$ cat start_39.txt   # compact mmCIF, C-alpha atoms
# COMPACT_ATOMS: atom_id res chain seq x y z
CA MET S 1 0.00 0.00 0.00
CA THR S 2 1.44 3.38 -1.05
CA HIS S 3 2.03 6.34 1.24
CA ASP S 4 -0.60 8.39 -0.66
CA LEU S 5 -3.22 5.68 -0.26
CA ILE S 6 -2.56 5.44 3.49
CA LEU S 7 -2.97 9.23 3.70
CA VAL S 8 -6.34 9.05 1.91
CA TYR S 9 -7.60 6.48 4.41
CA ALA S 10 -6.27 8.60 7.31
CA ILE S 11 -8.10 11.68 5.99
CA ILE S 12 -11.34 9.68 5.73
CA LEU S 13 -10.93 8.83 9.43
CA VAL S 14 -10.39 12.54 10.22
CA ALA S 15 -13.54 13.36 8.22
CA LEU S 16 -15.51 10.84 10.25
CA ALA S 17 -14.06 12.35 13.44
CA PHE S 18 -15.38 15.73 12.24
CA ASP S 19 -18.78 14.13 11.60
CA TYR S 20 -18.73 12.68 15.12
CA VAL S 21 -17.79 16.09 16.58
CA ASN S 22 -20.55 17.65 14.48
CA GLY S 23 -22.98 15.16 16.04
CA PHE S 24 -22.14 15.92 19.67
CA HIS S 25 -21.64 19.66 19.00
CA ASP S 26 -25.02 19.89 17.26
CA ALA S 27 -26.81 17.35 19.47
CA ALA S 28 -28.09 20.37 21.37
CA ASN S 29 -29.97 21.48 18.27
CA SER S 30 -31.83 18.19 18.14
CA ILE S 31 -32.55 17.63 21.83
CA ALA S 32 -32.34 20.97 23.69
CA THR S 33 -36.05 21.73 23.49
CA VAL S 34 -37.27 18.21 24.27
CA VAL S 35 -34.89 17.97 27.26
CA THR S 36 -35.62 21.47 28.59
CA THR S 37 -39.38 20.88 28.50
CA ARG S 38 -38.75 17.52 30.27
CA VAL S 39 -40.63 15.54 27.68
CA LEU S 40 -37.65 13.17 27.53
CA PRO S 41 -34.73 12.67 29.93
CA PRO S 42 -31.33 13.45 28.37
CA ASN S 43 -30.22 9.82 28.03
CA LEU S 44 -33.34 8.86 26.07
CA ALA S 45 -33.41 12.11 24.07
CA VAL S 46 -29.98 11.50 22.55
CA TYR S 47 -30.94 7.98 21.44
CA TRP S 48 -34.19 9.31 19.97
CA ALA S 49 -32.30 12.01 18.04
CA ALA S 50 -29.51 9.64 16.95
CA PHE S 51 -31.98 7.17 15.45
CA PHE S 52 -33.63 9.81 13.27
CA ASN S 53 -30.24 11.30 12.37
CA PHE S 54 -29.28 7.91 11.00
CA ILE S 55 -32.37 6.95 8.99
CA ALA S 56 -32.46 10.24 7.04
CA PHE S 57 -30.33 8.67 4.28
CA LEU S 58 -33.26 6.39 3.37
CA PHE S 59 -35.42 9.31 2.23
CA VAL S 60 -33.15 12.23 1.21
CA GLY S 61 -30.70 12.45 -1.68
CA VAL S 62 -27.15 13.83 -1.72
CA GLU S 63 -27.64 17.29 -3.26
CA VAL S 64 -26.04 19.04 -0.27
CA ALA S 65 -23.01 16.71 -0.53
CA LYS S 66 -22.59 17.67 -4.20
CA THR S 67 -22.71 21.37 -3.31
CA ILE S 68 -20.00 20.93 -0.67
CA GLY S 69 -17.90 18.66 -2.89
CA LYS S 70 -17.77 20.77 -6.04
CA GLY S 71 -19.59 24.05 -5.31
CA ILE S 72 -17.21 25.90 -2.94
CA VAL S 73 -13.67 25.37 -4.20
CA ASP S 74 -12.43 24.59 -7.73
CA PRO S 75 -11.97 20.77 -7.70
CA MET S 76 -8.72 21.18 -9.66
CA VAL S 77 -7.17 22.93 -6.63
CA VAL S 78 -8.29 20.34 -4.10
CA ASP S 79 -5.82 17.76 -2.86
CA LYS S 80 -5.35 15.60 0.23
CA TYR S 81 -3.62 18.37 2.18
CA VAL S 82 -6.35 20.94 1.47
CA ILE S 83 -9.01 18.52 2.68
CA LEU S 84 -7.05 17.47 5.78
CA SER S 85 -6.41 21.12 6.72
CA ALA S 86 -10.07 22.03 6.15
CA LEU S 87 -11.24 19.24 8.43
CA LEU S 88 -8.73 20.07 11.16
CA GLY S 89 -9.67 23.75 11.00
CA ALA S 90 -13.37 22.91 11.38
CA VAL S 91 -12.78 20.43 14.24
CA ILE S 92 -10.59 22.90 16.16
CA TRP S 93 -13.19 25.67 15.80
CA ASP S 94 -15.98 23.29 16.88
CA ILE S 95 -14.06 22.30 20.00
CA ILE S 96 -13.27 25.92 20.90
CA THR S 97 -16.93 27.00 20.61
CA TRP S 98 -18.14 23.86 22.40
CA LEU S 99 -15.87 24.69 25.36
CA TYR S 100 -17.48 28.14 25.55
CA GLY S 101 -20.99 26.73 25.13
CA LEU S 102 -21.57 28.62 21.87
CA PRO S 103 -24.00 26.99 19.40
CA THR S 104 -22.05 27.80 16.22
CA SER S 105 -22.37 26.08 12.88
CA SER S 106 -20.26 23.00 12.16
CA SER S 107 -21.38 23.33 8.55
CA HIS S 108 -20.02 26.83 8.16
CA ALA S 109 -16.86 25.86 10.02
CA LEU S 110 -16.30 23.21 7.35
CA VAL S 111 -17.05 25.66 4.53
CA GLY S 112 -14.68 28.23 6.03
CA GLY S 113 -12.00 25.61 6.58
CA PHE S 114 -12.29 24.33 3.02
CA ALA S 115 -12.02 27.83 1.55
CA GLY S 116 -9.19 28.86 3.91
CA ALA S 117 -7.07 25.81 3.11
CA ALA S 118 -7.57 26.29 -0.65
CA ILE S 119 -6.59 29.97 -0.40
CA ALA S 120 -3.49 28.99 1.58
CA LYS S 121 -2.49 26.56 -1.17
CA THR S 122 -2.98 28.96 -4.09
CA MET S 123 -2.12 32.17 -2.20
CA GLY S 124 -5.06 33.79 -3.99
CA LEU S 125 -8.84 33.92 -4.26
CA SER S 126 -9.28 32.58 -7.79
CA CYS S 127 -9.80 29.05 -6.43
CA ILE S 128 -13.07 30.04 -4.71
CA ILE S 129 -16.41 29.43 -6.43
CA TRP S 130 -18.06 32.65 -5.32
CA SER S 131 -21.59 31.69 -6.40
CA GLY S 132 -21.48 28.74 -3.98
CA ILE S 133 -20.04 30.84 -1.15
CA ALA S 134 -22.67 33.56 -1.81
CA LYS S 135 -25.51 31.02 -1.60
CA ILE S 136 -24.22 29.60 1.67
CA THR S 137 -23.53 33.05 3.15
CA MET S 138 -26.98 34.28 2.12
CA PHE S 139 -28.57 31.43 4.05
CA ILE S 140 -26.70 32.44 7.22
CA VAL S 141 -29.36 35.16 7.30
CA ILE S 142 -32.23 33.37 5.55
CA SER S 143 -32.29 30.10 7.54
CA PRO S 144 -32.68 31.68 11.03
CA LEU S 145 -35.19 34.17 9.61
CA LEU S 146 -37.19 31.31 8.11
CA GLY S 147 -37.01 29.50 11.45
CA LEU S 148 -38.09 32.65 13.28
CA LEU S 149 -41.01 33.33 10.93
CA LEU S 150 -42.21 29.72 10.87
CA GLY S 151 -41.82 29.41 14.65
CA SER S 152 -43.88 32.58 15.13
CA PHE S 153 -46.47 31.36 12.60
CA PHE S 154 -46.86 27.93 14.23
CA MET S 155 -47.06 29.47 17.69
CA THR S 156 -49.72 31.96 16.57
CA ALA S 157 -51.70 29.17 14.89
CA VAL S 158 -51.58 27.08 18.08
CA TYR S 159 -52.80 29.99 20.20
CA TRP S 160 -55.64 30.63 17.76
CA ILE S 161 -56.71 26.96 17.46
CA PHE S 162 -56.34 26.01 21.15
CA HIS S 163 -57.22 29.28 22.91
CA ARG S 164 -60.21 27.67 24.66
CA THR S 165 -58.43 24.44 25.59
CA ASN S 166 -57.64 23.66 29.22
CA ARG S 167 -53.95 24.36 29.89
CA LYS S 168 -53.29 20.95 31.45
CA ILE S 169 -54.85 19.15 28.49
CA LEU S 170 -52.83 21.33 26.12
CA ASP S 171 -49.64 20.48 27.98
CA ILE S 172 -50.34 16.72 27.84
CA PHE S 173 -51.16 16.90 24.12
CA PHE S 174 -48.02 18.80 23.17
CA ARG S 175 -45.80 16.59 25.30
CA ARG S 176 -46.81 13.77 22.97
CA MET S 177 -46.59 15.94 19.87
CA GLN S 178 -43.09 17.05 20.82
CA LEU S 179 -41.84 13.50 20.39
CA LEU S 180 -42.85 13.78 16.73
CA SER S 181 -41.48 17.29 16.26
CA ALA S 182 -38.16 16.32 17.88
CA ALA S 183 -37.98 13.29 15.57
CA ALA S 184 -38.71 15.47 12.53
CA TYR S 185 -36.04 17.97 13.52
CA SER S 186 -33.43 15.24 14.12
CA PHE S 187 -34.35 13.77 10.74
CA GLY S 188 -33.74 17.18 9.11
CA HIS S 189 -30.46 17.53 11.01
CA GLY S 190 -29.23 14.19 9.67
CA ALA S 191 -30.48 14.97 6.17
CA ASN S 192 -28.54 18.23 5.99
CA ASP S 193 -25.45 17.93 8.20
CA ALA S 194 -24.30 14.38 7.46
CA GLN S 195 -24.14 15.26 3.78
CA LYS S 196 -21.44 17.88 4.37
CA THR S 197 -18.94 15.23 5.44
CA MET S 198 -20.10 13.03 2.55
CA GLY S 199 -19.20 15.85 0.17
CA ILE S 200 -15.71 16.20 1.65
CA ILE S 201 -14.99 12.44 1.47
CA ALA S 202 -16.42 12.23 -2.05
CA ILE S 203 -14.25 15.10 -3.37
CA LEU S 204 -11.23 13.47 -1.69
CA LEU S 205 -11.95 10.20 -3.51
CA PHE S 206 -12.72 12.01 -6.78
CA THR S 207 -9.47 14.01 -6.80
CA SER S 208 -7.50 10.90 -5.78
CA TYR S 209 -9.10 8.99 -8.67
CA GLN S 210 -8.30 11.85 -11.06
CA SER S 211 -4.65 11.79 -9.94
CA LYS S 212 -4.50 8.07 -10.86
CA LEU S 213 -4.20 6.85 -7.27
CA PRO S 214 -4.93 3.08 -7.32
CA LEU S 215 -8.17 3.08 -5.33
CA PRO S 216 -9.97 -0.27 -5.02
CA SER S 217 -13.08 -0.31 -7.22
CA TRP S 218 -15.38 -0.86 -4.24
CA ILE S 219 -14.11 2.38 -2.69
CA TYR S 220 -14.46 4.61 -5.73
CA SER S 221 -15.23 3.77 -9.33
CA PRO S 222 -17.08 6.61 -11.11
CA ALA S 223 -18.94 5.99 -14.35
CA ASN S 224 -17.45 8.16 -17.13
CA GLY S 225 -15.24 9.91 -14.58
CA GLU S 226 -18.20 11.82 -13.08
CA PHE S 227 -18.25 13.03 -9.48
CA TYR S 228 -20.58 10.98 -7.27
CA VAL S 229 -21.09 10.00 -3.63
CA PRO S 230 -20.60 6.24 -2.97
CA PHE S 231 -23.28 4.53 -0.91
CA TRP S 232 -20.76 3.30 1.69
CA VAL S 233 -19.80 6.94 2.32
CA VAL S 234 -23.46 7.79 2.93
CA ILE S 235 -23.79 4.99 5.50
CA ILE S 236 -20.61 5.70 7.48
CA CYS S 237 -21.28 9.45 7.63
CA HIS S 238 -24.78 8.96 9.02
CA THR S 239 -23.41 6.40 11.48
CA ALA S 240 -20.65 8.73 12.72
CA MET S 241 -23.11 11.59 13.17
CA ALA S 242 -25.58 9.38 15.05
CA LEU S 243 -22.83 8.17 17.41
CA GLY S 244 -21.76 11.78 18.03
CA THR S 245 -25.33 12.78 18.80
CA MET S 246 -25.52 9.96 21.34
CA ALA S 247 -22.45 11.47 23.06
CA GLY S 248 -24.36 14.73 23.59
CA GLY S 249 -23.20 18.30 24.10
CA TRP S 250 -24.67 19.43 27.39
CA LYS S 251 -23.12 22.93 27.62
CA ILE S 252 -24.80 23.93 24.37
CA VAL S 253 -28.05 22.20 25.39
CA LYS S 254 -28.24 24.62 28.33
CA THR S 255 -27.68 27.67 26.10
CA MET S 256 -30.19 26.58 23.45
CA GLY S 257 -32.82 25.20 25.78
CA SER S 258 -33.08 27.79 28.54
CA ARG S 259 -30.94 30.87 28.00
CA ILE S 260 -32.60 32.20 24.82
CA THR S 261 -36.16 31.87 26.16
CA LYS S 262 -38.09 29.64 28.56
CA LEU S 263 -39.80 26.77 26.80
CA ARG S 264 -42.89 24.70 27.52
CA PRO S 265 -43.85 21.64 25.42
CA VAL S 266 -46.10 23.72 23.14
CA GLU S 267 -43.28 26.16 22.36
CA GLY S 268 -40.72 23.37 22.00
CA CYS S 269 -42.98 21.57 19.54
CA CYS S 270 -43.51 24.71 17.42
CA ALA S 271 -39.78 25.52 17.40
CA GLU S 272 -38.82 21.99 16.33
CA ALA S 273 -41.53 21.88 13.65
CA ALA S 274 -40.31 25.20 12.22
CA GLY S 275 -36.72 23.98 12.21
CA ALA S 276 -37.64 20.66 10.60
CA VAL S 277 -39.54 22.31 7.73
CA THR S 278 -36.62 24.66 7.02
CA LEU S 279 -33.96 21.94 7.14
CA LEU S 280 -35.83 19.46 4.96
CA GLY S 281 -36.67 22.12 2.38
CA THR S 282 -33.08 23.30 2.07
CA ALA S 283 -31.71 19.73 2.01
CA LEU S 284 -33.95 18.86 -0.93
CA MET S 285 -32.77 22.03 -2.73
CA GLY S 286 -29.11 21.14 -2.09
CA ILE S 287 -28.43 24.18 0.12
CA PRO S 288 -26.07 23.47 3.05
CA VAL S 289 -27.58 25.50 5.89
CA SER S 290 -26.78 25.57 9.58
CA THR S 291 -28.99 23.51 11.87
CA THR S 292 -27.75 25.74 14.70
CA HIS S 293 -28.88 28.94 13.01
CA THR S 294 -32.21 27.41 12.09
CA ILE S 295 -33.21 26.16 15.54
CA THR S 296 -31.96 29.33 17.24
CA GLY S 297 -34.20 31.41 14.98
CA SER S 298 -37.11 29.05 15.61
CA ILE S 299 -36.72 29.26 19.39
CA ALA S 300 -36.48 33.06 19.23
CA GLY S 301 -39.61 33.09 17.04
CA VAL S 302 -41.80 31.17 19.50
CA GLY S 303 -40.41 33.23 22.39
CA ALA S 304 -41.12 36.53 20.65
CA ILE S 305 -44.81 35.63 20.27
CA LYS S 306 -45.14 35.57 24.07
CA ALA S 307 -43.38 38.93 24.34
CA ILE S 308 -40.31 40.54 22.83
CA ARG S 309 -38.87 40.68 26.36
CA ALA S 310 -39.30 36.89 26.69
CA VAL S 311 -36.26 36.47 24.41
CA ARG S 312 -32.90 37.10 26.04
CA TRP S 313 -31.52 39.18 23.21
CA LYS S 314 -28.12 39.64 24.88
CA VAL S 315 -27.53 35.89 24.67
CA ALA S 316 -28.92 35.82 21.11
CA THR S 317 -26.54 38.66 20.11
CA ARG S 318 -23.55 36.73 21.49
CA ILE S 319 -24.60 33.72 19.44
CA VAL S 320 -24.98 35.83 16.26
CA TRP S 321 -21.45 37.21 16.69
CA ALA S 322 -20.16 33.64 16.90
CA TRP S 323 -22.02 32.88 13.65
CA ILE S 324 -20.45 35.87 11.87
CA LEU S 325 -16.95 34.89 12.97
CA THR S 326 -17.26 31.16 12.18
CA ILE S 327 -16.37 31.17 8.46
CA PRO S 328 -13.43 33.63 8.62
CA LEU S 329 -11.91 32.21 11.82
CA SER S 330 -12.26 28.54 10.84
CA GLY S 331 -10.78 29.55 7.47
CA LEU S 332 -7.83 31.21 9.21
CA ILE S 333 -7.26 28.16 11.43
CA ALA S 334 -7.39 25.87 8.35
CA ALA S 335 -4.94 28.11 6.46
CA LEU S 336 -2.47 27.99 9.36
CA THR S 337 -3.00 24.24 9.61
CA TYR S 338 -2.23 23.88 5.88
CA PHE S 339 1.17 25.54 6.36
CA ILE S 340 1.91 23.39 9.43
CA VAL S 341 0.95 20.20 7.56
CA HIS S 342 3.34 21.09 4.75
CA ILE S 343 6.17 21.79 7.20
CA ILE S 344 5.59 18.40 8.84

$ encode --input "start_39.txt" --output "C-alpha cells"
Amino acid sequence: MTHDLILVYAIILVALAFDYVNGFHDAANSIATVVTTRVLPPNLAVYWAAFFNFIAFLFVGVEVAKTIGKGIVDPMVVDKYVILSALLGAVIWDIITWLYGLPTSSSHALVGGFAGAAIAKTMGLSCIIWSGIAKITMFIVISPLLGLLLGSFFMTAVYWIFHRTNRKILDIFFRRMQLLSAAAYSFGHGANDAQKTMGIIAILLFTSYQSKLPLPSWIYSPANGEFYVPFWVVIICHTAMALGTMAGGWKIVKTMGSRITKLRPVEGCCAEAAGAVTLLGTALMGIPVSTTHTITGSIAGVGAIKAIRAVRWKVATRIVWAWILTIPLSGLIAALTYFIVHII
C-alpha cells in the first residue's frame, strides 16, 4: 500500500471524526427543546435524536453533498492536504466553541476551513467558487429568519386553534406531539449535516481517482469519470453523526434550551416543527444550511410571540457574533494548519 493511499484512508478517518464532533456539537440542536421541557430525559433524548439522524439517508438524496464537494472550491485545486487542513480547522473551531458553550455552525466551520485551506495553497482567491459561497452566506441570514417566521407562525396558529383548551390538556397533548417534532427535527439535522462530510470524502476520492491513485473499485469507481457519492460513504457518515449525537453536548443544550427563552412543550414543539420544515426544504434544494442557526431562529420566534422581552436578546446577540466569525476564523485556522501540515 502506497504512502498516498494510506494518507487518503487517514483523511477519511479525520472526516468521520469531524462528523462525530458535528454530532455531539449539534446534538443540542436536536434535543435541547425536548430535554428542557422535560418531555424526555437526556439519556433517552440523545438515542431518539440519533436514530432519526441515521435513517435520514433512506429518504433524502445527496444534493447538499454535491454542493460541498464541487460548489465551494475549484476541484482542480483540491488535494489531500487541502481537505485534511479544512477538516482540522473545522474540528478545532468546533471544539473551541463547544468549550465556551456557543452553538455555532459546524457546517459553516467546514465551509470556512475548506475555503481557507484552498486559499493557503494557491495564495489567492481565484480558487473560490463565489456563487457557492454567496448562496451559503446568504442562508446564514435566511435560515434563522425562516425559522423565526415559521416558529412565530406555528405558535400563533396554536394559540388561535387552542385558545379555549384547558392548559393541562394542552400540555399533555403537546408533550406527545413534541416526540414527533423532535424526531422530525433530528431527521432534518441528519439529512442536511451528514451530507457535508459526505461531500468532503467524495471530493477526496474524486481528486485521488483523477490523480491516478490506485483506489480499489469498491471504494471509488465513477462511471465516465463523473463526481458521485458512494453509498458506503453515505452509511458511514450517518453512522458517525448518530454516534456523536448519542455522546451529547450538554453545555450547548443549556444555552439553546433555557438561555434564549423559557420553553414549555407547546413552544418546544412549534420551534422543532419550524426547524424541521426549514432543514428538509433546504436539504432537498441542495443548500447546506446551519442547523444551529435554524433552531436558534425558531426558538427566538416562538419566544417573541409571548413577548419581545421573553427572548434574552443579549444571549442571542452573542450567538450571532459567533455565527459571523465562524467562516473567517475557521478559514484562518485551516490556512495555518495547511502551512503546518506542509512543514511536517

$ atom_distance --input "start_39.txt" --atom1 "CA of His293 in chain S" --atom2 "CA of Ser105 in chain S"
7.1 Å

$ closest_residue --input "start_39.txt" --among "S:Tyr9, S:Phe54, S:Tyr81, S:Trp93" --to "Leu329 in chain S" --atoms "all atoms listed in the file"
S:Trp93

$ residues_around --input "start_39.txt" --residues "Ile142 in chain S" --least-positions-apart "3" --cutoff "10 Å" --atoms "all atoms listed in the file" --output "CSV table (one decimal) with C-alpha atoms, keeping the file's coordinate frame"
chain,number,residue,atom,x,y,z
S,136,ILE,CA,-24.2,29.6,1.7
S,137,THR,CA,-23.5,33.0,3.2
S,138,MET,CA,-27.0,34.3,2.1
S,139,PHE,CA,-28.6,31.4,4.0
S,145,LEU,CA,-35.2,34.2,9.6
S,146,LEU,CA,-37.2,31.3,8.1
S,147,GLY,CA,-37.0,29.5,11.4
S,148,LEU,CA,-38.1,32.6,13.3
S,278,THR,CA,-36.6,24.7,7.0
S,289,VAL,CA,-27.6,25.5,5.9
S,293,HIS,CA,-28.9,28.9,13.0
S,294,THR,CA,-32.2,27.4,12.1
S,297,GLY,CA,-34.2,31.4,15.0

$ atom_distance --input "start_39.txt" --atom1 "CA of Gly268 in chain S" --atom2 "CA of Thr36 in chain S"
8.5 Å

$ closest_residue --input "start_39.txt" --among "S:Phe57, S:Gly89, S:Asp74, S:Gly286" --to "Trp232 in chain S" --atoms "all atoms listed in the file"
S:Phe57

$ atom_distance --input "start_39.txt" --atom1 "CA of Ile92 in chain S" --atom2 "CA of Ile203 in chain S"
21.3 Å

$ residues_around --input "start_39.txt" --residues "range 188-202 of chain S" --least-positions-apart "5" --cutoff "7 Å" --atoms "all atoms listed in the file" --output "list in words"
Ile12, Ala15, Asp19, Asn53, Phe54, Ala56, Phe57, Val60, Val62, Val64, Ala65, Lys66, Ile68, Gly69, Ser107, Tyr228, Val229, Val233, Val234, Cys237, His238, Met241, Ala276, Leu279, Leu280, Ala283, Pro288 and Thr291 of chain S

$ residues_near_point --input "start_39.txt" --point "(-48.6, 31.4, 17.3)" --cutoff "10 Å" --atoms "all atoms listed in the file" --output "list in words"
Leu150, Gly151, Ser152, Phe153, Phe154, Met155, Thr156, Ala157, Val158, Tyr159, Trp160, Ile161, Val266, Glu267, Cys270, Gly301, Val302, Gly303, Ala304, Ile305 and Lys306 of chain S

$ write_last_selection --input "start_39.txt" --atoms "C-alpha atoms" --output "PDB file, in the coordinates of the input"
ATOM      1  CA  LEU S 150     -42.210  29.720  10.870  1.00  0.00           C
ATOM      2  CA  GLY S 151     -41.820  29.410  14.650  1.00  0.00           C
ATOM      3  CA  SER S 152     -43.880  32.580  15.130  1.00  0.00           C
ATOM      4  CA  PHE S 153     -46.470  31.360  12.600  1.00  0.00           C
ATOM      5  CA  PHE S 154     -46.860  27.930  14.230  1.00  0.00           C
ATOM      6  CA  MET S 155     -47.060  29.470  17.690  1.00  0.00           C
ATOM      7  CA  THR S 156     -49.720  31.960  16.570  1.00  0.00           C
ATOM      8  CA  ALA S 157     -51.700  29.170  14.890  1.00  0.00           C
ATOM      9  CA  VAL S 158     -51.580  27.080  18.080  1.00  0.00           C
ATOM     10  CA  TYR S 159     -52.800  29.990  20.200  1.00  0.00           C
ATOM     11  CA  TRP S 160     -55.640  30.630  17.760  1.00  0.00           C
ATOM     12  CA  ILE S 161     -56.710  26.960  17.460  1.00  0.00           C
ATOM     13  CA  VAL S 266     -46.100  23.720  23.140  1.00  0.00           C
ATOM     14  CA  GLU S 267     -43.280  26.160  22.360  1.00  0.00           C
ATOM     15  CA  CYS S 270     -43.510  24.710  17.420  1.00  0.00           C
ATOM     16  CA  GLY S 301     -39.610  33.090  17.040  1.00  0.00           C
ATOM     17  CA  VAL S 302     -41.800  31.170  19.500  1.00  0.00           C
ATOM     18  CA  GLY S 303     -40.410  33.230  22.390  1.00  0.00           C
ATOM     19  CA  ALA S 304     -41.120  36.530  20.650  1.00  0.00           C
ATOM     20  CA  ILE S 305     -44.810  35.630  20.270  1.00  0.00           C
ATOM     21  CA  LYS S 306     -45.140  35.570  24.070  1.00  0.00           C
TER      22      LYS S 306
END

$ residues_around --input "start_39.txt" --residues "Phe339 in chain S" --least-positions-apart "6" --cutoff "9 Å" --atoms "only C-alpha atoms" --output "list in words"
Ser85, Ala117, Ala120 and Lys121 of chain S

$ closest_residue --input "start_39.txt" --among "S:Val73, S:Ala271, S:Ile83, S:Ala118" --to "Leu13 in chain S" --atoms "all atoms listed in the file"
S:Ile83

$ residues_around --input "start_39.txt" --residues "range 3-8 of chain S" --least-positions-apart "2" --cutoff "9 Å" --atoms "only C-alpha atoms" --output "short mmCIF file (atom, residue, chain, number, x, y, z; two decimals) with C-alpha atoms, in the coordinates of the input"
data_model
loop_
_atom_site.label_atom_id
_atom_site.label_comp_id
_atom_site.auth_asym_id
_atom_site.auth_seq_id
_atom_site.Cartn_x
_atom_site.Cartn_y
_atom_site.Cartn_z
CA MET S 1 0.00 0.00 0.00
CA ALA S 10 -6.27 8.60 7.31
CA ILE S 11 -8.10 11.68 5.99
CA ILE S 12 -11.34 9.68 5.73
CA LEU S 13 -10.93 8.83 9.43
CA LYS S 80 -5.35 15.60 0.23
CA LEU S 204 -11.23 13.47 -1.69
CA LEU S 205 -11.95 10.20 -3.51
CA SER S 208 -7.50 10.90 -5.78
CA LEU S 213 -4.20 6.85 -7.27
CA PRO S 214 -4.93 3.08 -7.32
CA LEU S 215 -8.17 3.08 -5.33
#

$ closest_residue --input "start_39.txt" --among "S:Ser298, S:Gln210, S:Ser290, S:Asn224" --to "Leu110 in chain S" --atoms "all atoms listed in the file"
S:Ser290

$ residues_around --input "start_39.txt" --residues "Val46 in chain S" --least-positions-apart "2" --cutoff "8 Å" --atoms "all atoms listed in the file" --output "list in words"
Ala27, Ile31, Pro42, Asn43, Leu44, Trp48, Ala49, Ala50, Thr245, Met246, Ala247 and Gly248 of chain S

$ build_atoms --input "start_39.txt" --residues "range 139-159 of chain S" --atoms "N, CA and C atoms" --output "compact mmCIF listing (two decimals), in the frame of the given file"
# COMPACT_ATOMS: atom_id res chain seq x y z
N PHE S 139 -27.71 32.22 3.18
CA PHE S 139 -28.57 31.43 4.05
C PHE S 139 -28.16 31.48 5.52
N ILE S 140 -27.01 32.13 5.82
CA ILE S 140 -26.70 32.44 7.22
C ILE S 140 -27.78 33.36 7.78
N VAL S 141 -28.29 34.23 6.91
CA VAL S 141 -29.36 35.16 7.30
C VAL S 141 -30.73 34.53 7.08
N ILE S 142 -30.90 33.87 5.92
CA ILE S 142 -32.23 33.37 5.55
C ILE S 142 -32.70 32.25 6.45
N SER S 143 -31.82 31.27 6.78
CA SER S 143 -32.29 30.10 7.54
C SER S 143 -32.79 30.47 8.95
N PRO S 144 -32.09 31.32 9.73
CA PRO S 144 -32.68 31.68 11.03
C PRO S 144 -33.93 32.54 10.89
N LEU S 145 -33.98 33.37 9.82
CA LEU S 145 -35.19 34.17 9.61
C LEU S 145 -36.37 33.28 9.27
N LEU S 146 -36.12 32.27 8.42
CA LEU S 146 -37.19 31.31 8.11
C LEU S 146 -37.65 30.59 9.37
N GLY S 147 -36.67 30.15 10.18
CA GLY S 147 -37.01 29.50 11.45
C GLY S 147 -37.81 30.42 12.34
N LEU S 148 -37.39 31.69 12.43
CA LEU S 148 -38.09 32.65 13.28
C LEU S 148 -39.52 32.87 12.80
N LEU S 149 -39.68 33.07 11.48
CA LEU S 149 -41.01 33.33 10.93
C LEU S 149 -41.92 32.12 11.06
N LEU S 150 -41.39 30.93 10.76
CA LEU S 150 -42.21 29.72 10.87
C LEU S 150 -42.54 29.42 12.33
N GLY S 151 -41.56 29.62 13.23
CA GLY S 151 -41.82 29.41 14.65
C GLY S 151 -42.92 30.34 15.15
N SER S 152 -42.85 31.61 14.74
CA SER S 152 -43.88 32.58 15.13
C SER S 152 -45.24 32.21 14.54
N PHE S 153 -45.22 31.74 13.27
CA PHE S 153 -46.47 31.36 12.60
C PHE S 153 -47.12 30.16 13.30
N PHE S 154 -46.32 29.12 13.57
CA PHE S 154 -46.86 27.93 14.23
C PHE S 154 -47.38 28.25 15.62
N MET S 155 -46.64 29.11 16.34
CA MET S 155 -47.06 29.47 17.69
C MET S 155 -48.37 30.25 17.66
N THR S 156 -48.48 31.17 16.71
CA THR S 156 -49.72 31.96 16.57
C THR S 156 -50.89 31.05 16.22
N ALA S 157 -50.64 30.10 15.30
CA ALA S 157 -51.70 29.17 14.89
C ALA S 157 -52.17 28.32 16.07
N VAL S 158 -51.23 27.88 16.91
CA VAL S 158 -51.58 27.08 18.08
C VAL S 158 -52.42 27.89 19.06
N TYR S 159 -52.03 29.13 19.30
CA TYR S 159 -52.80 29.99 20.20
C TYR S 159 -54.22 30.20 19.67
